[in-house]
Amino acid sequence: MKKAVLFLFIFFSLSCDKGLSPPSSTSISGTVHFIGTPKDSVKILAVVLVEPPPPYATSSIISGLNTTIFPYTLSTTTFHDTSYSYTVIPDTTYHYLGIAQNFGDLFKDWKVVAFIHDGKDSAVSFMLKPGEQRTGVDISVNFDSLPRQPFIK
Amino acid sequence: MKKVLLIFLVAMIFPQVILGKNVLHGFVKDKKTQEPIAGATIDALTGEKKSIRRQMTKVSGEFRINRDSISIAYIQISALGFRDTIIPVTNDNILIILLDEKPLLGEDIIVTAQKHTTATQDVPISTSIVKSPEITSRSPESIDYALRYIPGVSVTHDQVNIRGSSGYAQSVGSRVLFLLDGMPFLSGDDGEVKFDALPIMNIERIEVVKGSGSALYGSSALGGVINVITNNPTDELHGTINANIGMYDNVKYPEWQIPDSLVKRRFASIEAGAMGKIGETGLLGSFALRRNEGYRLGDDSYKENGFAKITTPISVHDRFETSVLVANENHGGFLYWKDLNHPLMPSDSLGAVDGRIHSLKFNLQSSLESILSDHFILTSRASVLYTNFSTDSVPKESAPHSSATNYYLEFGGNSDALGPVYLTTGILSEYQTVNSDLYQTHHGISLGAFAQGEYKLSPMILTLGVRADGIKYDDSNSVGSVSPKLGITVDAGDGLNFRGSLGTGFRAPTIGEKYVDQTFNGSFHAVPNPSLQPEKSYSTEIGGSYRTQHIYLDGAVFYSLFDNLIEARFVNQNGSEVIQFENLTKAEIFGHEEVIEFYPLSNDDLSLRLGYTYVFPRDRITKQILNFRPRNLLQARVETKLGSFTLSSDFRYISKYESVDTILIQQVHDGDARVDAYIWDARIAYTAQGIFDLPVTFSFQVQNLLNYYYVEIVGNLAPIRNFTFRVETIF
């Protein structure tokens, strides 16, 4: 009897794969570099990729960010160089890629601590083809010198 | 005429006036557990042990035999699974009779299949019963979770699917009739089951009748009937309290993970209840608080429910029972995932993060069982079910809300006055009112009457029944349905039984389906279709069972035809594409089902159960496989007891849906993603004599042990691996 139960267990275990998995991804990846010390508490630190162009409303940043893709979260305690890989929807234009910090209320207290720009303070847009994996998109965070905020008051 | 009416009224209200008070009254109980034994046959015997009167015990184990004008020397008590017992009749006011067990596997009694207490092997259609210990051992958050382990039953989101009959259709009412203690428990607007409201602690058993059941139950019994039966209060006062605490595991793909600051993934609940008797009046009550932070963003919930029940004999011949249920729920607005790269995130447009859904359910129901004569029992039932939901999404003026009330009244009779023919008859009415911005303001009324005869022609029992229903909404024309049934069982002896049945079912469209008027996702506009017609089904099955003290085998082959199945589809209306419910599908389902239960040891310390169901569900016009019907369903359970420890494990295999709703796929990213499902659960429980000599049971459970990722409906990742620790004590 024990053998039969064991056989069934092994049979079913071996017959199972792991089910659904992320589809072969279209992604942006790179490294986040950190300089300086955060002035406010860091509750969430995340790579954010936003579909609509700025400006954004801080009060709706969560739902605003969610209109594209959920933030790729980073460590909130150590700020060493960290790699990220961000799955995106192909053939979709994203107007803003940056690092956002939540320092208080989840729905209100957000600020951007770095973003990919063209050198003239304008955010760089991205659009990837299906299956494209764009690497080396590095982002530098300087907690001592924060960039212009994309939020409207 | 007035005199006749007066006598009739007196007989209805005070039957003992007519019958006299010379009654043999008693209760039959299990000697080991002290639980009442329902459906036991009580034979009143003369001094020569000749049967002169016969009766069956009720759910409470109670019997009353009128002994006016006869002399009863002995009574013989026979019950399935127990040794026959003969005792001399004494002058005791109330007899308490304790029976020793003599179990054969698979022998049980069921009240749902024939609307009276019947042995399962005397029912011409497949049935399943799951009892309280098995239900509570899984620490379910709601009853739909317990249904997933019943052979032949699957649950797609909140819609129950018996042998592929239902599938899943968005916003379409249940194609399985759901009852609470024999009375309908489907909301008046969208006709859906409110699983979260049911009191898990007070459920004694769940009975499932597989196949069309409208000949007794009317609308909605298209694919079968599920009856949740609550406990009756015990003689001794006792209470139960349990607490559960647990959490969901992490998903293994980094891109799926959500920070703990947004989703904590913990859940907890506490349930407490007590029951007992004051004099002959039984009281029972429980409440439950549940908090689940969810494993997905915007999918947390707060649930509270309370249940109370009173049973009391009004007279020697009348037993009154009433119960009240209140439930409140507040949960997030998660509807569909964002996409398969973010299955734990809600869709931007179809699942709001900030909008919450509030719902309230209230159910009051009463029944009066009156023994009007030695051969006729009248059961009167009435219930009111109120459901309400609202959302606090922004803007407020477009936040959907709906409230509905369903009133039910039934008078049913059971009689063995015709000797070998047992008659079950009844008349009933239902009335619904709906006030909703989704479905507007409407009302509906239905009337029904049924009659069924079971002819005992040993070793066969022939069943013939028919029911007529009429349904009318607002001022529209009424629609009617006549639902006949035919069944046969044969007891071939030595534990071998055969059964065969032909049944019909129908489901009247809900007010929701007929009158929905709502824009979804800002672009899909659903419009009313007041001319919707009832769905119809015709089902047949041939089956058999074999039982010994160690093994129970059951098998059935079934075939069902469905007409006028209601589905949503795009139609062109005034130049624009809108969604409308229409009578679209003619379908057929062929299948077979096998169940094996095996108790290899002389006691119950090791048990195995295996159920396999195969269905071939096809559209008769397009020859396409029907939506949301898994072709293969396998459920296995093993349980063993080692001293104070109990170990059990469940396994379910659900084959991938071959077809799903194309409208849903258009709305949900990666909506077509689906796989076969393999779900393992395992648990261990330890019972100890705790403080103050109270028995305390500690259990630990892992659900979805393999952390297997699958969907039950489009765009919804089913619960990931989770761990539950439970403590329960009885005092």
# chains A, B, ... in the order shown; residues from 1 in each chain; ligands from 1
>>> closest_atom_pairs(of="chain B", to="chain A", cutoff="9 Å", atoms="only C-alpha atoms", output="JSON lines")
{"residue": "B:Tyr253", "atom": "CA", "partner": "A:Pro22", "partner_atom": "CA", "distance": 7.7}
{"residue": "B:Glu255", "atom": "CA", "partner": "A:Thr87", "partner_atom": "CA", "distance": 7.2}
{"residue": "B:Trp256", "atom": "CA", "partner": "A:Pro22", "partner_atom": "CA", "distance": 8.0}
{"residue": "B:Gln257", "atom": "CA", "partner": "A:Tyr72", "partner_atom": "CA", "distance": 8.7}
{"residue": "B:Ile258", "atom": "CA", "partner": "A:Thr73", "partner_atom": "CA", "distance": 8.0}
{"residue": "B:Pro259", "atom": "CA", "partner": "A:Thr73", "partner_atom": "CA", "distance": 6.8}
{"residue": "B:Ser261", "atom": "CA", "partner": "A:Ile44", "partner_atom": "CA", "distance": 7.6}
{"residue": "B:Leu262", "atom": "CA", "partner": "A:Leu106", "partner_atom": "CA", "distance": 8.6}
{"residue": "B:Lys338", "atom": "CA", "partner": "A:Ile69", "partner_atom": "CA", "distance": 8.4}
{"residue": "B:Leu340", "atom": "CA", "partner": "A:Pro22", "partner_atom": "CA", "distance": 5.7}
{"residue": "B:Asn341", "atom": "CA", "partner": "A:Pro22", "partner_atom": "CA", "distance": 5.1}
{"residue": "B:His342", "atom": "CA", "partner": "A:Phe70", "partner_atom": "CA", "distance": 7.6}
{"residue": "B:Pro343", "atom": "CA", "partner": "A:Pro22", "partner_atom": "CA", "distance": 8.9}
{"residue": "B:Met345", "atom": "CA", "partner": "A:Phe70", "partner_atom": "CA", "distance": 7.5}
{"residue": "B:Pro346", "atom": "CA", "partner": "A:Asn66", "partner_atom": "CA", "distance": 8.7}
{"residue": "B:Ser347", "atom": "CA", "partner": "A:Thr67", "partner_atom": "CA", "distance": 8.4}
{"residue": "B:Asp348", "atom": "CA", "partner": "A:Thr67", "partner_atom": "CA", "distance": 5.5}
{"residue": "B:Ser349", "atom": "CA", "partner": "A:Thr67", "partner_atom": "CA", "distance": 8.4}
{"residue": "B:Ala352", "atom": "CA", "partner": "A:Ser63", "partner_atom": "CA", "distance": 8.5}
{"residue": "B:Val353", "atom": "CA", "partner": "A:Ser63", "partner_atom": "CA", "distance": 7.1}
{"residue": "B:Asp354", "atom": "CA", "partner": "A:Ser63", "partner_atom": "CA", "distance": 8.2}
{"residue": "B:Pro600", "atom": "CA", "partner": "A:Met1", "partner_atom": "CA", "distance": 8.7}
{"residue": "B:Val638", "atom": "CA", "partner": "A:Val5", "partner_atom": "CA", "distance": 8.6}
{"residue": "B:Phe651", "atom": "CA", "partner": "A:Phe12", "partner_atom": "CA", "distance": 8.8}
{"residue": "B:Ala673", "atom": "CA", "partner": "A:Leu20", "partner_atom": "CA", "distance": 7.6}
{"residue": "B:Arg674", "atom": "CA", "partner": "A:Leu20", "partner_atom": "CA", "distance": 7.0}
{"residue": "B:Val675", "atom": "CA", "partner": "A:Gly19", "partner_atom": "CA", "distance": 6.2}
{"residue": "B:Asp676", "atom": "CA", "partner": "A:Gly19", "partner_atom": "CA", "distance": 7.3}
{"residue": "B:Ala677", "atom": "CA", "partner": "A:Gly19", "partner_atom": "CA", "distance": 7.2}
{"residue": "B:Tyr678", "atom": "CA", "partner": "A:Cys16", "partner_atom": "CA", "distance": 6.4}
{"residue": "B:Leu706", "atom": "CA", "partner": "A:Lys18", "partner_atom": "CA", "distance": 7.7}
{"residue": "B:Asn707", "atom": "CA", "partner": "A:Lys18", "partner_atom": "CA", "distance": 7.5}
{"residue": "B:Tyr708", "atom": "CA", "partner": "A:Lys18", "partner_atom": "CA", "distance": 5.2}
{"residue": "B:Tyr709", "atom": "CA", "partner": "A:Gly19", "partner_atom": "CA", "distance": 4.7}
{"residue": "B:Tyr710", "atom": "CA", "partner": "A:Gly19", "partner_atom": "CA", "distance": 5.8}
{"residue": "B:Val711", "atom": "CA", "partner": "A:Leu20", "partner_atom": "CA", "distance": 8.4}
{"residue": "B:Leu717", "atom": "CA", "partner": "A:Leu20", "partner_atom": "CA", "distance": 8.7}
>>> residues_around(residues="region 142-149 of chain B", least_positions_apart="2", cutoff="10 Å", atoms="only C-alpha atoms", output="count of residues only")
40
>>> closest_residue(among="B:Ser165, B:Asn242, B:Asn406, B:Gln34", to="Thr729 (chain B)", atoms="only C-alpha atoms")
B:Asn242
>>> residues_around(residues="Tyr515 (chain B)", least_positions_apart="5", cutoff="10 Å", atoms="only C-alpha atoms", output="PyMOL selection string")
chain B and resi 189+438-442+509-510+526-532+580-581
>>> write_last_selection(atoms="N, CA and C atoms", output="compact mmCIF listing (two decimals), in the first residue's frame")
# COMPACT_ATOMS: atom_id res chain seq x y z
N ASP B 189 -30.74 39.26 -8.30
CA ASP B 189 -30.40 40.06 -9.48
C ASP B 189 -29.59 39.25 -10.51
N LEU B 438 -27.15 48.75 -12.57
CA LEU B 438 -26.71 47.84 -13.64
C LEU B 438 -27.91 47.22 -14.35
N TYR B 439 -28.94 46.90 -13.56
CA TYR B 439 -30.09 46.16 -14.11
C TYR B 439 -31.41 46.93 -14.01
N GLN B 440 -31.34 48.15 -13.49
CA GLN B 440 -32.51 49.00 -13.26
C GLN B 440 -33.46 48.37 -12.22
N THR B 441 -34.70 48.84 -12.26
CA THR B 441 -35.66 48.37 -11.26
C THR B 441 -36.64 47.40 -11.92
N HIS B 442 -36.65 46.18 -11.42
CA HIS B 442 -37.52 45.14 -12.02
C HIS B 442 -38.00 44.21 -10.92
N PRO B 509 -33.83 32.96 -17.40
CA PRO B 509 -32.81 34.01 -17.36
C PRO B 509 -33.00 34.88 -16.13
N THR B 510 -31.90 35.32 -15.56
CA THR B 510 -32.01 36.19 -14.38
C THR B 510 -32.39 37.60 -14.83
N ALA B 526 -23.06 46.83 -22.64
CA ALA B 526 -23.98 45.70 -22.60
C ALA B 526 -25.40 46.25 -22.57
N VAL B 527 -26.26 45.70 -23.43
CA VAL B 527 -27.62 46.22 -23.56
C VAL B 527 -28.64 45.14 -23.19
N PRO B 528 -29.84 45.56 -22.77
CA PRO B 528 -30.84 44.57 -22.33
C PRO B 528 -31.35 43.71 -23.48
N ASN B 529 -31.88 42.55 -23.12
CA ASN B 529 -32.57 41.69 -24.08
C ASN B 529 -33.76 41.06 -23.36
N PRO B 530 -34.88 41.81 -23.27
CA PRO B 530 -36.04 41.31 -22.51
C PRO B 530 -36.66 40.05 -23.10
N SER B 531 -36.31 39.69 -24.33
CA SER B 531 -36.95 38.52 -24.93
C SER B 531 -36.17 37.22 -24.70
N LEU B 532 -35.19 37.24 -23.81
CA LEU B 532 -34.45 36.01 -23.51
C LEU B 532 -35.38 34.90 -23.04
N GLN B 580 -24.72 41.76 -25.93
CA GLN B 580 -26.07 41.41 -25.51
C GLN B 580 -26.11 39.91 -25.18
N PHE B 581 -26.88 39.57 -24.14
CA PHE B 581 -27.10 38.16 -23.83
C PHE B 581 -28.14 37.61 -24.79
>>> residues_around(residues="His80 (chain A)", least_positions_apart="5", cutoff="9 Å", atoms="only C-alpha atoms", output="MDAnalysis selection string")
chainID A and resid 32:35 75
>>> residues_around(residues="Lys120 (chain A)", least_positions_apart="5", cutoff="12 Å", atoms="only C-alpha atoms", output="list in words")
Phe115, Pro147 and Arg148 of chain A
>>> atom_distance(atom1="CA of Glu304 (chain B)", atom2="CA of Val326 (chain B)")
8.3 Å
>>> closest_residue(among="A:Val137, A:Val50, A:Ile116, A:Ala123", to="Tyr94 (chain A)", atoms="only C-alpha atoms")
A:Val50
>>> atom_distance(atom1="CA of Thr120 (chain B)", atom2="CA of Ser655 (chain B)")
29.3 Å
>>> closest_residue(among="A:Thr26, A:Gln149, A:Gln133, A:Ser41", to="Val113 (chain A)", atoms="only C-alpha atoms")
A:Gln149
>>> select_by_dssp(residues="region 382-492 of chain B", states="strand (DSSP E or B)", output="number ranges by chain")
B: 382-391, 401-418, 421-436, 440-457, 460-473, 479-492
>>> write_last_selection(atoms="C-alpha atoms", output="compact mmCIF listing (two decimals), in the first residue's frame")
# COMPACT_ATOMS: atom_id res chain seq x y z
CA ALA B 382 -40.38 30.34 3.66
CA SER B 383 -37.28 32.44 3.18
CA VAL B 384 -36.12 35.96 2.40
CA LEU B 385 -32.71 36.54 0.88
CA TYR B 386 -31.46 40.12 0.56
CA THR B 387 -28.24 40.91 -1.27
CA ASN B 388 -26.61 44.23 -1.87
CA PHE B 389 -23.36 45.38 -3.34
CA SER B 390 -21.86 48.78 -4.02
CA THR B 391 -18.50 50.14 -5.02
CA HIS B 401 -24.52 49.21 -7.12
CA SER B 402 -27.32 46.67 -6.94
CA SER B 403 -29.70 45.37 -4.32
CA ALA B 404 -32.10 42.47 -4.66
CA THR B 405 -34.56 40.60 -2.50
CA ASN B 406 -35.75 37.07 -3.12
CA TYR B 407 -38.86 35.78 -1.33
CA TYR B 408 -39.61 32.05 -1.31
CA LEU B 409 -42.64 30.11 -0.08
CA GLU B 410 -43.22 26.37 -0.40
CA PHE B 411 -45.73 23.82 0.88
CA GLY B 412 -44.55 20.26 0.38
CA GLY B 413 -46.05 16.95 1.32
CA ASN B 414 -44.64 13.45 1.78
CA SER B 415 -46.95 10.50 2.01
CA ASP B 416 -46.77 6.71 2.09
CA ALA B 417 -50.56 6.39 2.16
CA LEU B 418 -50.53 4.49 -1.15
CA VAL B 421 -45.84 4.23 -3.62
CA TYR B 422 -44.15 7.07 -1.79
CA LEU B 423 -45.52 10.43 -2.88
CA THR B 424 -43.74 13.76 -2.79
CA THR B 425 -45.75 16.81 -3.82
CA GLY B 426 -45.59 20.54 -3.44
CA ILE B 427 -46.53 24.00 -4.56
CA LEU B 428 -44.31 27.03 -4.31
CA SER B 429 -43.79 30.60 -5.31
CA GLU B 430 -40.82 32.93 -5.64
CA TYR B 431 -40.77 36.69 -5.96
CA GLN B 432 -37.77 38.87 -6.74
CA THR B 433 -37.27 42.61 -6.65
CA VAL B 434 -34.19 44.33 -7.98
CA ASN B 435 -33.04 47.91 -7.65
CA SER B 436 -29.82 48.49 -9.47
CA GLN B 440 -32.51 49.00 -13.26
CA THR B 441 -35.66 48.37 -11.26
CA HIS B 442 -37.52 45.14 -12.02
CA HIS B 443 -39.44 42.40 -10.37
CA GLY B 444 -40.21 38.81 -11.21
CA ILE B 445 -42.57 36.16 -9.95
CA SER B 446 -42.63 32.42 -10.44
CA LEU B 447 -45.12 29.72 -9.50
CA GLY B 448 -44.47 26.01 -9.50
CA ALA B 449 -46.08 22.70 -8.62
CA PHE B 450 -44.53 19.25 -8.54
CA ALA B 451 -45.46 15.65 -7.88
CA GLN B 452 -43.29 12.56 -7.71
CA GLY B 453 -44.03 8.94 -6.97
CA GLU B 454 -41.54 6.26 -5.96
CA TYR B 455 -42.93 2.77 -6.51
CA LYS B 456 -41.17 0.10 -4.47
CA LEU B 457 -41.31 -3.14 -6.40
CA MET B 460 -36.58 -2.22 -7.84
CA ILE B 461 -37.72 1.30 -7.11
CA LEU B 462 -39.32 3.20 -9.98
CA THR B 463 -39.51 6.98 -9.80
CA LEU B 464 -41.77 9.15 -11.90
CA GLY B 465 -42.10 12.87 -11.38
CA VAL B 466 -43.11 16.08 -13.07
CA ARG B 467 -43.03 19.76 -12.28
CA ALA B 468 -44.66 22.75 -13.96
CA ASP B 469 -43.33 26.29 -13.60
CA GLY B 470 -44.49 29.67 -14.78
CA ILE B 471 -42.29 32.77 -14.62
CA LYS B 472 -43.12 36.40 -15.34
CA TYR B 473 -40.97 39.54 -15.21
CA VAL B 479 -43.00 31.77 -19.84
CA GLY B 480 -43.67 28.24 -18.71
CA SER B 481 -41.79 25.00 -18.41
CA VAL B 482 -42.80 21.42 -17.76
CA SER B 483 -40.02 19.20 -16.41
CA PRO B 484 -40.61 15.43 -16.19
CA LYS B 485 -38.26 12.80 -14.77
CA LEU B 486 -38.03 9.03 -14.74
CA GLY B 487 -35.73 6.87 -12.67
CA ILE B 488 -35.07 3.30 -11.64
CA THR B 489 -32.86 1.63 -9.07
CA VAL B 490 -32.23 -2.08 -8.69
CA ASP B 491 -30.79 -3.69 -5.59
CA ALA B 492 -28.97 -6.74 -6.95
>>> closest_residue(among="B:Asp181, B:Glu141, B:Asp318, B:Glu236", to="Met201 (chain B)", atoms="only C-alpha atoms")
B:Glu141
